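Notes to accompany the following structure.
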Amino acid sequence: MNDMTPTREQREAVLEGMGCKRKRVEDIRFTQGKGNYVDDVKLPGMLHGDFVRSPHPHARVKKIDDSEALKVPGVLAVITAETLKTVNLAWMPTLAGDVQMVLADGKVLFQNQEVAFVVATDRYAADDGINKVVVEYEPLPPLVDPFKSMDADAPVLREDLAGKTTGAHGPRKHHNHIFEWTVGDKELTDAAFKKAEVTIKEMISYHRTHPSPLETCQCVCSFDKIKGELTIWGTFQAPHVIRTVVSLIAKLPEQKIHVIAPDIGGGFGNKVGAYPGYICAAVASIVTGKPVKWVEDRIENLTATSFARDYHMTTEIAATKEGKVTGLRVHVLADHGAFDACADPSKWPAGFFNIVTGSYDFPTAHLAVDGVYTNKAPGGVAYRCSFRVTEAAYCIERAMDILAQKLNMDPAELRLKNFIKPEQFPYHSALGWEYDSGDYHTAMRKMMETTGYAALRKEQAEKRAAFARGETREIMGLGVSFFTEIVGAGPSKNCDILGIAMFDSCEIRMHPTGAGIARMGTKSQGQGHETTWAQIIATEIGIPADNIQVEEGNTDTAPYGLGTYGSRSTPVAGAAIAMAARKIKAKAQMIAAYKLEVHEDDLEWDIDGFRVKGLPEKFMSMKDICWAAYNAVPPGMEPGLEAVSYYDPPNMTYPFGAYLCVMDIDVDTGVYKVRRFYALDDCGTRINPMIIEGQVHGGLTEAFAIAMGQEIRYDETGNVVTGSFMDFFMPTAVETPHWETDFTVTPSPHHPIGAKGVGESPNVGGVPAFSNAVNDAFSFLGATHIQMPHDYWRNWKAAKDLGAVA
Amino acid sequence: MIPGSFSYHRPASVADAVKLLSDLGEDARPLAGGHSLVPMMKLRLATPAHLVDLHGIAALKGIRRDGNNLVIGAMTTQHDLLASDEVGKSVPILHEAALLIADPQVRYRGTIGGNVANGDPGNDMPALMMTLGVAYRLEGPGGVRDVAAADFYQGAYFTALEPGEILTSVLVPVPAAGHGYAYEKLKRKVGDYATAAAAVVLTMAGGKVATCTIGLTNVHETPLLATDAANAVIGTSLDAATMKKAAEAAEAIMSPAADARGPIEYRKHVGGIMVTRALQRAAARAK
Ligand SMILES: Cc1cc2nc3c(=O)[nH]c(=O)nc-3n(C[C@H](O)[C@H](O)[C@H](O)COP(=O)(O)OP(=O)(O)OC[C@H]3O[C@@H](n4cnc5c(N)ncnc54)[C@H](O)[C@@H]3O)c2cc1C
């Protein structure tokens, strides 16, 4: 070896493998405005479609007159439910086992519901046409309050379900009832409450909000009559699922459907489901023989495509006087709007809400969820969280604070006292999950030490005294949150979507020159898969990440996968990538043994190639093995170097974290300032620390928005009043607090590289941290629970209700 | 969010603009920065058949001193205002308020003329103009006239502008040397209109308020002058009791709508707080 031989460190560095803060390769095109989004797709002769929408939340549709609209220059067709009935597409199945109107069929059930689809030569003509369609409505009484949905005299919303006493998830108790889902041991839990020394009970609401990606939902459908093939470019988080759904409902052979998800400008759960726009654009293309584009505007996105949350959680904890929890009882009223279009794995009507025992060792628990219909937009989706996990985390983290307050204990102390201990993992929760790994005490203590928690509490006590003396009008809150997520759906034993098990996949092809292409069933919407997926491969097979092209989103080329949401990409596809890479490596080892003329077992892996044990100079790099794979494979071996892996995870992964929010609130105006926000995340093995940090920043920003003002609100008459960014709180860089990030590493024992998923943790852990900070600030004035969102006027109202402002 | 169709005109002189607007009648609207008008058109809440773009008229742009007046051309953008040292020196409250309007992108396009002619109670400049005693110069088929800002606003989106008239400049009397000023605006985020805002311009003499004017934004269907509140503080040293009286007097004339910013009671309450905070800051600045 001479001086020019690269050191081990240099060889490692060149790979930019796992653990490296590799710069995001996709940003080269994004920062230069060279991304390729759905709206960039422009085909010859392409038409544009747009919706006539209902101004009423609940009404009978008496008549649709399109005669004037069809006279507008450029308008070619107006599609209604009657048109769709001719192809049996007036209704479509939802992921939750319900059915949903594609276009109003006799009735409208929420404001801005799709009533007719106007197809024109350009978007302007389409909108002119919309204004000329005359729809005659007969208004019906709207049902807005979910707590009134099951009143005896509540209006009947879903006439199509008349007489159906059983839904997709069992018996229905009322004409507006969708399902009841129960988990846990009721008797044992009731007994724990009977015996309890201390109990708390609170109705904790998590308001309706919306994922609101910057790019709205959109598609271009192009039907080739000659070949009988349908190509769909769309903003799809799960392109393969869309292909299968289209095949099943449009009765087109699946090989004749090509789904392409190009660059996506954020999804956050909003782009998982199927929307009327996709069906209408596809039908319009089939009818006209021309490509048809549908692009939602902001108001449509906020008011019609899937919302998130709207869970009303009556929560009780039983505990001893010393603060040891002995039981948890939760009843959820889940408002799904007009149709249950919840994007959950099929057998999970309330997602994984049964993670609601959180990070605590509850000996027993019982959960019941009732889903109901109201005259609101259908949903709801998992907005930057695994299915209903953020609702569960908010529920338990708020409840633990309420218990701490009742016991007059520090909320951090109470949590430390009740955490699942490191030696209890794998831990079986009272509501049925097997937590893979965790070290909660270490994470919590690190948070407390790094932030100077004790000193902050002292400062708070001093400020409270000053407030009481009338020296300040500012109050201070500390929001502690310790969350455990459940991500990586999922094992086929638990999870499927419409019968398809929730595995994921990777195919890797190595080229002769030591480069390669890798394709997955996932689809990045900004998560940086092109960067991180290549890093996993780089470490596994010793080829620089820069030499691996990552491709997702084209169902013709990518292996079947269930897509990207619920923090499942790293836990599931990430594992498939490692497993496919290991197949490549195994074959490479055989080739290297043949070329180095030794037995395979005499070889050892060394960063970027195989070395003969004990003979360090006998080495064959992976790059050279790639070449050899195409000209000198051992006799009897097929040439080439490719592998496919479909990974069915043995379990979910359980990321966790300890967050602290320090907030000051001016009681006179309700104006708050987030003075500090500290987020410690443990997502197991860290593939790219920079991307993790970016994900945490983004998720915290969304959590901040949700907790502090972001809301889809309806007035009493069913009008949605937060239909634009003027009133739907979308923080800018100016409002966004500074984030301090930190980590511990507790790898997942069952994942090939020990990684757990992180994209959604900050949203799950962040919301309770902000809300607990507000509640903590007001607690010394007598508050036990103040509902979100905590915008200025509501903070002022809280202060006023507590007698702190005149 | 797609506007209806319209025809576009770009006159090169004020006379041509006035003639176009008179000839085209009710269906024509002047277009300045477009940052109030175009959003309304996208929602089809405004459906003008003709837009008369004022960007081709050089005479409408610019800031110059004319005696004791600062004359600001209608097509001067908020960004131009912020870039002007003359404005910063002689009417610094204009800088303070302009910085609280939307974001740099909006300020590059949005004009002072559009902001004050729009008639939206949410706009920040109108109350400020009233506080400063500004006159608007209007030119129409009947010639040129000056209207005091205080007499200009008649209701939400209703102003003293006659058909065919355009606003060509605003005449800002330069406040006394050593005056104190403040614009206090409570908003939910960058780009939001005020939950409530107050403008104060005052002078102090011997530790007491000598003169004072107070304007209020977005707490009524028009911008307001809070005359009683201002009178309540003149001659005082802004003690706590006076502040309370001023806030109450200001709240008494407010009638905001309940919206996502908060219920009526809240918007009035914080309106009063904006007044007291603006008074405190203005007094501290006065020399
Ligand atoms: C996101 C966002 C946030 C905003 N936030 C604020 C804010 O916080 N505070 C605030 O004050 N404003 C705010 N604005 C509005 C902004 O300041 C506008 O630019 C301003 O209200 C109108 O000025 P313009 O030049 O854009 O006028 P335009 O939109 O072109 O015109 C507005 C109206 O005035 C008429 N008009 C324009 N010029 C003349 C003239 N010379 N003579 C007669 N009529 C005329 C037009 O016909 C139209 O009816 C915001 C705008 C946006 C998009």
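Chains: A, B, ... in order of the structure tokens. Residues: from 1 per chain. Ligands: from 1, in order shown.
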
Report task. Identify, on the basis of only C-alpha atoms, every residue whose closest approach to Ile687 in chain A does not exceed 7 Å; exclude the query and any residue fewer than 2 positions from it along the same chain; express the result as JSON, numbers by chain. Result -> {"A": [18, 19, 532, 685, 689]}

Report task. Could the residues that lie within 7 Å of ligand 1, counting only C-alpha atoms and all ligand atoms, be listed as a count of residues only? Result -> 38

Query raised in the report: Quick one: distance from CA of Asp335 in chain A to CA of Glu391 in chain A in Å, one decimal?
Result: 12.8 Å

Requested in this report: Dump as a PyMOL selection string the residues of chain A that approach chain B to within 9 Å, counting only C-alpha atoms.
Outcome: chain A and resi 123-125+127-128+297-299+668-669+671+721-722+726-732+734-735+791-794+796-797

**Report entry** Surrounding residues of range 410-424 of chain A excluding itself and chain neighbours under 4 positions, 7 Å, only C-alpha atoms, as number ranges by chain
**Finding:** A: 323-325, 359-361, 401, 404, 438-441, 480

I need the chosen residues saved as a PDB file, in the first residue's frame, with N, CA, C and O atoms.
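Result written to again_18.pdb:
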```pdb
ATOM      1  N   GLY A 323     -49.500   8.597  42.994  1.00  0.00           N
ATOM      2  CA  GLY A 323     -49.372   8.937  41.585  1.00  0.00           C
ATOM      3  C   GLY A 323     -49.013   7.780  40.683  1.00  0.00           C
ATOM      4  O   GLY A 323     -48.492   7.988  39.585  1.00  0.00           O
ATOM      5  N   LYS A 324     -49.299   6.558  41.120  1.00  0.00           N
ATOM      6  CA  LYS A 324     -49.068   5.410  40.242  1.00  0.00           C
ATOM      7  C   LYS A 324     -50.382   5.148  39.507  1.00  0.00           C
ATOM      8  O   LYS A 324     -51.425   4.973  40.134  1.00  0.00           O
ATOM      9  N   VAL A 325     -50.326   5.144  38.168  1.00  0.00           N
ATOM     10  CA  VAL A 325     -51.583   4.965  37.431  1.00  0.00           C
ATOM     11  C   VAL A 325     -52.041   3.513  37.521  1.00  0.00           C
ATOM     12  O   VAL A 325     -51.233   2.576  37.465  1.00  0.00           O
ATOM     13  N   SER A 359     -46.764   6.163  26.987  1.00  0.00           N
ATOM     14  CA  SER A 359     -45.473   5.674  27.466  1.00  0.00           C
ATOM     15  C   SER A 359     -45.566   5.098  28.869  1.00  0.00           C
ATOM     16  O   SER A 359     -44.549   4.885  29.519  1.00  0.00           O
ATOM     17  N   TYR A 360     -46.784   4.849  29.329  1.00  0.00           N
ATOM     18  CA  TYR A 360     -46.989   4.535  30.739  1.00  0.00           C
ATOM     19  C   TYR A 360     -47.468   3.102  30.946  1.00  0.00           C
ATOM     20  O   TYR A 360     -48.172   2.547  30.110  1.00  0.00           O
ATOM     21  N   ASP A 361     -47.096   2.596  32.089  1.00  0.00           N
ATOM     22  CA  ASP A 361     -47.381   1.199  32.413  1.00  0.00           C
ATOM     23  C   ASP A 361     -48.763   1.089  33.065  1.00  0.00           C
ATOM     24  O   ASP A 361     -48.868   0.985  34.289  1.00  0.00           O
ATOM     25  N   ASP A 401     -51.092  15.446  32.541  1.00  0.00           N
ATOM     26  CA  ASP A 401     -50.913  16.755  33.172  1.00  0.00           C
ATOM     27  C   ASP A 401     -52.062  17.071  34.127  1.00  0.00           C
ATOM     28  O   ASP A 401     -51.855  17.649  35.196  1.00  0.00           O
ATOM     29  N   ALA A 404     -51.466  15.143  37.206  1.00  0.00           N
ATOM     30  CA  ALA A 404     -50.378  15.746  37.987  1.00  0.00           C
ATOM     31  C   ALA A 404     -50.899  16.933  38.778  1.00  0.00           C
ATOM     32  O   ALA A 404     -50.591  17.106  39.961  1.00  0.00           O
ATOM     33  N   GLY A 438     -37.377   0.796  23.968  1.00  0.00           N
ATOM     34  CA  GLY A 438     -37.470   2.154  24.487  1.00  0.00           C
ATOM     35  C   GLY A 438     -36.635   2.325  25.740  1.00  0.00           C
ATOM     36  O   GLY A 438     -36.380   1.362  26.462  1.00  0.00           O
ATOM     37  N   ASP A 439     -36.197   3.549  25.949  1.00  0.00           N
ATOM     38  CA  ASP A 439     -35.541   3.894  27.207  1.00  0.00           C
ATOM     39  C   ASP A 439     -36.035   5.286  27.571  1.00  0.00           C
ATOM     40  O   ASP A 439     -35.414   6.299  27.256  1.00  0.00           O
ATOM     41  N   TYR A 440     -37.208   5.313  28.162  1.00  0.00           N
ATOM     42  CA  TYR A 440     -37.909   6.571  28.378  1.00  0.00           C
ATOM     43  C   TYR A 440     -37.241   7.425  29.462  1.00  0.00           C
ATOM     44  O   TYR A 440     -37.174   8.645  29.339  1.00  0.00           O
ATOM     45  N   HIS A 441     -36.786   6.758  30.525  1.00  0.00           N
ATOM     46  CA  HIS A 441     -36.209   7.528  31.645  1.00  0.00           C
ATOM     47  C   HIS A 441     -35.005   8.335  31.192  1.00  0.00           C
ATOM     48  O   HIS A 441     -34.853   9.503  31.555  1.00  0.00           O
ATOM     49  N   VAL A 480     -44.777  19.977  29.107  1.00  0.00           N
ATOM     50  CA  VAL A 480     -44.015  18.735  29.014  1.00  0.00           C
ATOM     51  C   VAL A 480     -44.808  17.762  28.153  1.00  0.00           C
ATOM     52  O   VAL A 480     -46.017  17.653  28.293  1.00  0.00           O
TER      53      VAL A 480
END
```

Query raised in the report: Given the choices B:Gly133, B:Pro104, B:Gly164, B:Gly272, which gets closest to Ala249 in chain B if the distance is worked out from only C-alpha atoms?
Result: B:Gly272

Query raised in the report: Could you pull out all residues of range 306-548 of chain A with a DSSP call of strand (DSSP E) and give them as an MDAnalysis selection string?
Result: chainID A and resid 307:319 325:335 365:372 379:381 427:428 434:435 474:484 496:497 500:501 504:510 516:520 548
